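Reviewing the structure listed below.
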Amino acid sequence: MFTKKSHQDVKKSTVKIQDSKKDSATRLKHLKIVLEHFDVDESKTYFEGNFSHVYFILYDNFIQAENNLRQRELPFHLVHKAGREELEGALSLLEKVLCLLPELIGRRWQLHSMTRIFSKLLHSGNSQKLRAEAIRYFLLWYQALGDNAPNEVHKMFATLVPGMPEPTILPSGSPLKPKSLDITVNPTNESGDFSMEDIMHHPNFNSAADNAKKIVVEQTPTGIMGKLANVSASIFHDTNALNPVQSVEIQPLLPPSANEKAVDNETKYFFEILLDGMATSVTKIQWRDRCHTKAMRCFAFLLEKFKIYYLPVICPQFNNKNSLYKPNLELPVQHNILEDDYVLCRVTLIKWVANYAHFMKKQGSDGGQPSSMTSTGSHLPHSNTPTPATSLHHEEETSFTVGHPSDSSRASSHDSASNTPHPSLESGVFEELSSEQVVRDVLCCSSREHVDFTIEVLRQAFLLPFSHAAAVRRVIALYKDWIQMNVAEIPPFLVENTFEQQGGGEPAAPPRRLRNDSYLGALGRDNVMVRAGLQNVLQVFMTQAANVFLASASPVAPPGALSQQQLLEEQTDTCKRVLNIYRYMVMHVAMDANTWEQLLLVLLQITSLVLTKVPPKRKQESLGGFLAPPLFQTLIVTWIKANLNVAVKSELWQNFMELLTRLTHWEDLIKEWAKTMETLTRVLARHVYSLDLSESVCGERGRGARRVAAAPAQLPRPERPHAAAAHHATRTPGKSPKSGHEPHTRKETGSTRRQLTRCRSDPHLSKHAHTHTETKEPANDKPTRRWYSLDSLRNSSQHEERDSASGSRSPSPAPSSGVESSSIKDSPLQIDLASDGGNVEWTENESSDSAGGAGRGAGVGVVMGGRARGWLPDVAAVMWRRMLAALGDPNLLRDPHAHANLYNYLIHLNCTLLKISANQTLNGNTEIHVPFNLVAGWCLEAEALPPSHRAGKLLALRLLCESTQAQGPGAPSSCNNRLHLAHLNLYQRALHHGLTGEDRSVVDVLVEHAAPRYLSLALDGYSLLLLDFVHASTVVLNSSDMGPSCPRTAAVTFLGSLLSLPDGLMDAPMLQPYPHQYNTVSCPDLKEHVLNIVVRVCRREGGAAARCAGACALTAHVCHLLAARHHCARLPAYVTCLLQMLMMKNKNIAKVVSDCVLTLADYTDRIVEQYPGLAGKIIKWICACLAQISPSSSRDSVKPLAGSLLLCLAEFAVRCGPTYLMQEKDGEQSLLLMIFKVLYAVMKGTNGSNIEGLSLPVDEDFDPNIQLDNLGPKTSPASTIDVKLWAQTICTQLVLFLGHWPLWNGWQVSSSVCEQHDSPALGGELGPAVLSAPHVQLLRLSDVTLASLIELPALDMPAATTPGLITSDRQVRVLLRDIAGKACWDASALYYDPSVAASETIEPLELPDSTECPRDNTLSSLPPPLPPDLLPDYKNCPPDKHQLDHVLAYIGHTSPEVVCGRRLDEAGASPLAPGAEDELVATLVAHRNHERHYLATRDSMHSMEEEDQSRLAGAEAPRPFGVCRSLAAQLGTLAPARRHHAQLLRRTDRLLRELRNLDAQRCRETHKVAVIYVGKGQETRNEILSNRCGSPAYEAFLAALAWEVELESHVGFTGGLRGGGGGGISAPYIATLTLEALFHVATRMPADTPDAILNKTRHLGNDEVHVVWSEHWRPYKRDTLPTQFCDVLIVLYPLPGGLLRCTVSRKPDVSVFGPLWEECIIRVSCCAALVRAAAFSGGRAVRATMPLYQHAYSERARELDALVKHHTMPTTFEHFVERVRQPVPPPAAPPDQGSGRLAAALLDHGASAWSGGAEAHGVSPRPSKRLGPFKRPAAGAGPPAPHAAPPLSGPPALLAPAGPAPRRNR
């Protein structure tokens, strides 16, 4: 609020302003005071009321300042400072006048005076700052004058920028625009002013007439501005000759100071000032009707004048006919770019237009671009960052907001494309309007002419020299944000025109209005008439931007310019940015048919002109070298995407094919085509075969992770065409929002997009890409079809490396609008893969037809003439085949390198097709044939290529072989041999010519890729070429070439497979191996010839793999002869050849051969039967090899061979038997002695070559060396085989089991009896009760043997075979544990009675029915004595057991000579004193009486009876370990000589644990092998695992593979299976001396429930070796049963004629093994033995890769060593003997309660007998309740009785106690 004093000052100042007597400076001061207290409206009102006084003050002060500045008397700096301040005051008032009085100025008020003032201010001699300010003031004046400006003012405007040519002012207005559409003024001469001719002939213009170019560049002190000043100085005075008044030449007002720095380019500098002033001055004028439309009118006036006077000069290539509304789509051609004088101004103009046309979304993202208001209507704070155009004068710039129309007339013109709010109406002088918004609205929203002007100016950027690439990048960024809709609001010209389309397809212009109506009505961004549509903008951009590709710099560069290389780099960068936008349009923008066609034409034009017919030698030398990869990629992918969306004309397809065919010499084209074909193949797999070949894009998946593919639905016609539209509510970043009336909306947000990544074209591009995933609810009403991901792709290492090295193209978000995105990686190209066909789209007019089901072609792709857009099966197939032939005939390529690259990719493509075929039936999709033979014609034609194309020719032959052999025998009718192999005769002709030709490289290729599978495929007439293949194999093997290209292994594989063919086939006609001849011959002795070759390979072949294959082939042939019992005279020679190979210096080969020799051990009986001396020869060779390698057996390279040889030796020795081994011929030592000597040498690690009989014959024809080691991994973990321990174990096994093999139960070599068995009181397992058992003792007999002695009652009393032999009622059990296992022996004392007749049968004594003991009445009723002549025996003995008296009486009666006068049965004299005897008799009588009393009161005194029973039993019980002690003593264990061997073991719980662990370990090698049956047509895991039986051939194979055992009763190795559980009822099992193996047969395990299948999968999946019997015609895939194991996979395919095709695959780190080889053919007769041996050898090879694996022998030996070390108890001999006599020491005796008595001691000792494992009682006041010796235990009470009664004649010391007798305390 103003104070009162302030009001008074204003009034005073107002009075003083109007006082003419005051000087002008004072009046100006008071005018400033008034303006300081007035707002804008008050100031305007005051100025309008006092305009005369105001202007007088202005003019007078200006003149005074001018005079002061020209004074020369005072010092310059004082004058300059004072005058400058006066001038600034006058200029500030001038600005106020121009801004506040526009209406007066518009009526030419003070026109002449102001003209004179501006002519002085604009003088070229003034300082640059003053001239810049003058230009801004002039623009204010000029737009205020508007249409009323005279020509001389137009002239002044035209010459504001120095360096411009003289303008031509036409009275009729603009020469550049049609007058009817021009928004300009019409200058008139109605005031009688000077005409243009008068101005041009004025005398003051003559001073510069000598300027030839009429482009004034400050060559005179005054210049153009001086001339204008002269004009204005004299134009308003009488210049006639009669008039004495003459004009004075105008001088500079303020010359530049000495320290003022001149700008480099004055024209560019002032041009920038002009453009900046035009933009910023329009909102400063305070019109009475000030509004946004008025400001737009002012700027439009300035812009029209700019077009007239400046545009033709600045942009000479500006074409006014180009229109966005009728686009000029003429394709650009190559042109040269020449820099003119105004290129810098043109760059400035382009940047100026681009900055204001850019509706930026991000604040401050591009160096001061104006911030904008969001589309939601929220107001952003004002940005104080000036635009580049206004950065020169920050003090004049006002804060702004990207504004919106503020007048109410525009509020009614809303439509769906614009919902922008009105601008903020904040208080302030210049904040009400935004100059940026005004300029933007005029340029982009006001009229079609201005929009065309904007677009045409932007076109000039694409014609600029690349030294100004920054401006080009700025325009590209602008277009990029327009196309990506990355703007705050959509420019109106991007909105589709809602008016009806004309017949030509162009949008019709709305009804034309007059100019005034246009401005006053709905002029603004929502003006409907400026709408052109996105499609027009896309077409214009893609056409105009193509100029950057076709521009070439001038050969002569101006001095100081960029070098040619720098210009090329700038051009490359610019072109990549344009390509990025092209790519974005292809991937994300919906385009109509015309736009697609224009894009295709543009890309064809660019590619054809940029890429020359001759590629540059260096890529850095030309634009094509830089852009070839992205150009080819963009062209090809755009072509595919276009065909998915619109129907491409056949002429375009023809041009496309011709272009690619013409450019095939570019290597990049081959690469990009190959990547495109790889992508299209995956598309084909997904949409035609329903297979997902895509791999994971990111590296998030680990080893075990799998990507789960979504379940796609079948693709019928869309039943609900508008269903997908509901998903448009969410806007995806980087994609344009679609308006409701857009004709072709992309339903990308309404479907799940599965995008297939494409390999990157440049390996250096960044691999960090992001994927936007869009989801959709799956359609529940459509039948789903599952997809399967082919994880088997990862099995192919080369393909994985190829994919991983090149990376993948994946979708990324739209890059920001900055100009930094020049890399191609910012706009990745992909070929979309919709997971359920959701990307298939229908146009609006067919939705109703599709919904009704009557639409024709609704489900047909546009490529096929339908209307559905996107991927469909037919579209995928057509596009795949078209792109396959896009390069034309590959044999026409002139470049051999390109030719080879193309065929190389075709081989890769065929490999992918093989994967598709292998997985084709995962969805039951077997009726669609995989097109293998499309390339067969090309391959056959390649045979006639010249030698220069030799590499490609070889690849073509390889491709021919692989594609022809793609389908195996037994394929369904849709893809069987006849339909697939239409070229079979030509194929065999090519094979015949190639195999018999002279070109070795062709022979190598055919042998490598055709020979291994040729026999197993058995194509029609295959026997014709057998001689050709044998000839070619011989040529290969006879060559000295050991390189990787020489297929020596494949040749041997073929020859070995041929040996298995039926003999009758050799009589069939065969072609003679002569080229171009077709004579047939039969060759019955072909097998003998092939056998000779194979034997020669085994003897002298230089390749390791080929030699191993030969050994395996020879082994298979020998096994077949032995299995079929065909006697062959040469068989010993074949075996000898194998034995010689054991001496190979390459130990890996020798190891494979030892596996083969081990296979022959299964046929030992037949070898011994048919070839008697051969078995001994085999053993002798094995011994010789072991003796030779014994000193070096500790090396890691020798350990596997030594272990395998030891196994061979053990198996052959135990199978031959001791009779054969102990034969001595010609005085030589026996084989058995030789075996033990060799084993001893190996155990000691000494050289055994000096052993007698080990000398072997020397064969000069055998070569133990090789030249090429190609057997796989060179490095392997250190071997864990302990060869010496193996030799020791085998030696022990031979000692134990030689001659006893096979054992009675067939497999068990280790007893399962333990210490607690047959002692029920010790529990069911080896537990703590054993430690306290007095009848068990644990000993260490030696360092490697543990013994347990257990005394038991006699368990079984079998009838003796010899009459009179009687066993004891006690027995000793001995358990021995050593490295060979655990043995159990039961021993019993044996007695003989010679008087028993030999014919008498010993009958067992029946048990009495009564439970009374014979001793019950011992003392009460004695039987009468026997007659003295009767021999007492068990039949007539009295029950009192006093047999001794009867025997003595019998002896005395029958032999009186020994009587010596007295009876032998009489009692002798008592040794006791008379009193002592009487005392003893009295005691006995008292005892008898006590017994009688007890018997009388027995029932009432049961407890006393138990006590007496225990006491009496104790008196008779023997020692519990007595028999064991006797046996140990008799065996010499107690002898002092064995003291250092035999020791006691500490009785601890740890000992028991380790014993249990030792017993749980196997003493032989164990294997578990999975056997899987695959029936016909079975491919999925559930189908295969659901089989409950197999074919008869499969069951016969299983029967020959192993023995069938019942798991419930099986005691051997079970392999994790348990009877009655998920393992099934039975399983094949086999055991030899050295191993046990159980086969997990899938058909033997239950598969009733999902849990059962899961359990089966676990058992099979955990096996290291899988054997698969597959009767399906497709190859078995390793990932059918997903597992981390399956290190070795052996697949058997039955063939006709009793043959099997066998494939062996192993993981890379597994070494080779025998006797099976990859792609071999074997006979069914010997297949079981070969497969079994290969499975076991493979298992050993797998275990060799485990660094910490412990073999069974090593583990058992380690446990034994630990037991002996930790539990041996060193003792003295006395303590040792005491513990052997009494294993458990008695506890300390308690103190006696009375005098010691002998009977009590005897009773106590008897009571201390072992109590059967019951708890030991301590001191107890009550005796234990026990069974006495006088009564047998009742049935079911106590431990079970022995099976037979103990013999009554046994010694008393061996009688067993009748029951447990715990210790009794007295």
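Letters A, B, ... go to the chains of the structure tokens in the order shown; residues in each chain start at 1; ligands are counted from 1 in the same order.
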Q. Can you list, as a ChimeraX atom specification, every protein, DNA or RNA residue that comes within 12 Å of stretch 1099-1104 of chain A when you count only C-alpha atoms, leaving out same-chain residues fewer than 6 positions away?
A. /A:1034,1036-1044,1046-1052,1092-1093,1110-1111,1114,1133-1134,1136-1153,1259-1272,1712
Q.
Quick one: residues within 9 Å of stretch 1661-1667 of chain A, only C-alpha atoms, excluding same-chain residues fewer than 4 positions away - as JSON, numbers by chain?
A. {"A": [1567, 1568, 1569, 1570, 1571, 1572, 1573, 1640, 1656, 1657, 1681, 1682, 1683, 1684, 1685, 1686, 1687, 1688, 1689, 1690, 1691, 1692, 1731, 1735, 1736, 1738, 1739, 1742, 1743]}
Q. Between A:Val347, A:Met879, A:Gln460, A:Glu1636, which one has atoms that come closest to A:Val637, using only C-alpha atoms?
A.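 For A:Val637, the nearest of the candidates is A:Met879.
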Q: Find the spatial neighbours of A:Ser1342, counting only C-alpha atoms, within a cut-off of 8 Å - ignore same-chain residues fewer than 4 positions away - and output them as a list in words.
A: Leu1346, His1541 and Ala1542 of chain A
Q.
Give me the residues near A:Gln1782 as JSON, numbers by chain, where near means some atom within 12 Å (using only C-alpha atoms) and where sequence neighbours in that chain fewer than 5 positions away do not count.
A. {"A": [1332, 1333, 1334, 1335, 1336, 1337, 1351, 1519, 1520, 1521, 1522, 1523, 1524, 1525, 1526, 1775, 1776, 1777, 1808, 1809, 1810]}
Residues just named, written with N, CA, C and O atoms as a PDB file, in the first residue's frame:
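Written out: out-v4.pdb:
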```pdb
ATOM      1  N   SER A1332      29.169-106.915  27.783  1.00  0.00           N
ATOM      2  CA  SER A1332      29.139-107.536  29.112  1.00  0.00           C
ATOM      3  C   SER A1332      28.837-109.024  29.064  1.00  0.00           C
ATOM      4  O   SER A1332      28.641-109.645  30.095  1.00  0.00           O
ATOM      5  N   ALA A1333      28.766-109.604  27.898  1.00  0.00           N
ATOM      6  CA  ALA A1333      28.467-111.035  27.785  1.00  0.00           C
ATOM      7  C   ALA A1333      29.703-111.845  28.134  1.00  0.00           C
ATOM      8  O   ALA A1333      30.769-111.656  27.521  1.00  0.00           O
ATOM      9  N   PRO A1334      29.611-112.755  29.046  1.00  0.00           N
ATOM     10  CA  PRO A1334      30.808-113.544  29.444  1.00  0.00           C
ATOM     11  C   PRO A1334      31.160-114.632  28.440  1.00  0.00           C
ATOM     12  O   PRO A1334      32.205-115.252  28.591  1.00  0.00           O
ATOM     13  N   HIS A1335      30.310-114.868  27.475  1.00  0.00           N
ATOM     14  CA  HIS A1335      30.612-115.945  26.517  1.00  0.00           C
ATOM     15  C   HIS A1335      31.091-115.394  25.186  1.00  0.00           C
ATOM     16  O   HIS A1335      31.141-116.108  24.205  1.00  0.00           O
ATOM     17  N   VAL A1336      31.452-114.135  25.133  1.00  0.00           N
ATOM     18  CA  VAL A1336      31.927-113.498  23.897  1.00  0.00           C
ATOM     19  C   VAL A1336      33.275-112.849  24.182  1.00  0.00           C
ATOM     20  O   VAL A1336      33.427-112.135  25.184  1.00  0.00           O
ATOM     21  N   GLN A1337      34.212-113.081  23.295  1.00  0.00           N
ATOM     22  CA  GLN A1337      35.500-112.407  23.389  1.00  0.00           C
ATOM     23  C   GLN A1337      35.908-111.905  22.012  1.00  0.00           C
ATOM     24  O   GLN A1337      35.749-112.609  21.005  1.00  0.00           O
ATOM     25  N   GLU A1351      30.660-118.660  22.605  1.00  0.00           N
ATOM     26  CA  GLU A1351      30.271-120.015  23.033  1.00  0.00           C
ATOM     27  C   GLU A1351      28.762-120.042  23.147  1.00  0.00           C
ATOM     28  O   GLU A1351      28.153-119.212  23.841  1.00  0.00           O
ATOM     29  N   ARG A1519      31.859-123.442  33.101  1.00  0.00           N
ATOM     30  CA  ARG A1519      32.284-122.080  32.756  1.00  0.00           C
ATOM     31  C   ARG A1519      31.676-121.687  31.406  1.00  0.00           C
ATOM     32  O   ARG A1519      31.678-122.466  30.474  1.00  0.00           O
ATOM     33  N   PRO A1520      31.166-120.450  31.273  1.00  0.00           N
ATOM     34  CA  PRO A1520      30.508-120.049  30.013  1.00  0.00           C
ATOM     35  C   PRO A1520      31.455-119.919  28.833  1.00  0.00           C
ATOM     36  O   PRO A1520      31.007-119.865  27.698  1.00  0.00           O
ATOM     37  N   PHE A1521      32.767-119.831  29.038  1.00  0.00           N
ATOM     38  CA  PHE A1521      33.713-119.655  27.934  1.00  0.00           C
ATOM     39  C   PHE A1521      34.720-120.786  27.881  1.00  0.00           C
ATOM     40  O   PHE A1521      35.780-120.657  27.285  1.00  0.00           O
ATOM     41  N   GLY A1522      34.364-121.911  28.526  1.00  0.00           N
ATOM     42  CA  GLY A1522      35.346-122.992  28.626  1.00  0.00           C
ATOM     43  C   GLY A1522      35.678-123.627  27.304  1.00  0.00           C
ATOM     44  O   GLY A1522      36.848-123.881  26.987  1.00  0.00           O
ATOM     45  N   VAL A1523      34.656-123.935  26.514  1.00  0.00           N
ATOM     46  CA  VAL A1523      34.925-124.577  25.231  1.00  0.00           C
ATOM     47  C   VAL A1523      35.698-123.643  24.305  1.00  0.00           C
ATOM     48  O   VAL A1523      36.610-124.053  23.592  1.00  0.00           O
ATOM     49  N   CYS A1524      35.331-122.350  24.309  1.00  0.00           N
ATOM     50  CA  CYS A1524      36.068-121.384  23.481  1.00  0.00           C
ATOM     51  C   CYS A1524      37.532-121.310  23.928  1.00  0.00           C
ATOM     52  O   CYS A1524      38.435-121.200  23.086  1.00  0.00           O
ATOM     53  N   ARG A1525      37.749-121.338  25.238  1.00  0.00           N
ATOM     54  CA  ARG A1525      39.133-121.294  25.718  1.00  0.00           C
ATOM     55  C   ARG A1525      39.905-122.498  25.222  1.00  0.00           C
ATOM     56  O   ARG A1525      41.057-122.368  24.796  1.00  0.00           O
ATOM     57  N   SER A1526      39.271-123.675  25.282  1.00  0.00           N
ATOM     58  CA  SER A1526      39.956-124.879  24.807  1.00  0.00           C
ATOM     59  C   SER A1526      40.296-124.768  23.331  1.00  0.00           C
ATOM     60  O   SER A1526      41.414-125.100  22.901  1.00  0.00           O
ATOM     61  N   HIS A1775      47.624-111.520  31.775  1.00  0.00           N
ATOM     62  CA  HIS A1775      46.308-110.872  31.664  1.00  0.00           C
ATOM     63  C   HIS A1775      45.578-111.345  30.405  1.00  0.00           C
ATOM     64  O   HIS A1775      44.340-111.527  30.415  1.00  0.00           O
ATOM     65  N   PHE A1776      46.341-111.549  29.336  1.00  0.00           N
ATOM     66  CA  PHE A1776      45.727-112.034  28.097  1.00  0.00           C
ATOM     67  C   PHE A1776      45.099-113.403  28.301  1.00  0.00           C
ATOM     68  O   PHE A1776      43.954-113.662  27.910  1.00  0.00           O
ATOM     69  N   VAL A1777      45.863-114.314  28.956  1.00  0.00           N
ATOM     70  CA  VAL A1777      45.353-115.673  29.205  1.00  0.00           C
ATOM     71  C   VAL A1777      44.152-115.624  30.128  1.00  0.00           C
ATOM     72  O   VAL A1777      43.156-116.345  29.947  1.00  0.00           O
ATOM     73  N   SER A1808      27.695-117.366  39.508  1.00  0.00           N
ATOM     74  CA  SER A1808      28.296-116.309  38.705  1.00  0.00           C
ATOM     75  C   SER A1808      28.314-116.635  37.220  1.00  0.00           C
ATOM     76  O   SER A1808      28.887-115.892  36.430  1.00  0.00           O
ATOM     77  N   ALA A1809      27.735-117.758  36.833  1.00  0.00           N
ATOM     78  CA  ALA A1809      27.647-118.078  35.389  1.00  0.00           C
ATOM     79  C   ALA A1809      26.844-117.003  34.679  1.00  0.00           C
ATOM     80  O   ALA A1809      25.981-116.347  35.252  1.00  0.00           O
ATOM     81  N   TRP A1810      27.147-116.815  33.375  1.00  0.00           N
ATOM     82  CA  TRP A1810      26.530-115.706  32.629  1.00  0.00           C
ATOM     83  C   TRP A1810      25.017-115.824  32.664  1.00  0.00           C
ATOM     84  O   TRP A1810      24.444-116.880  32.612  1.00  0.00           O
TER      85      TRP A1810
END
```
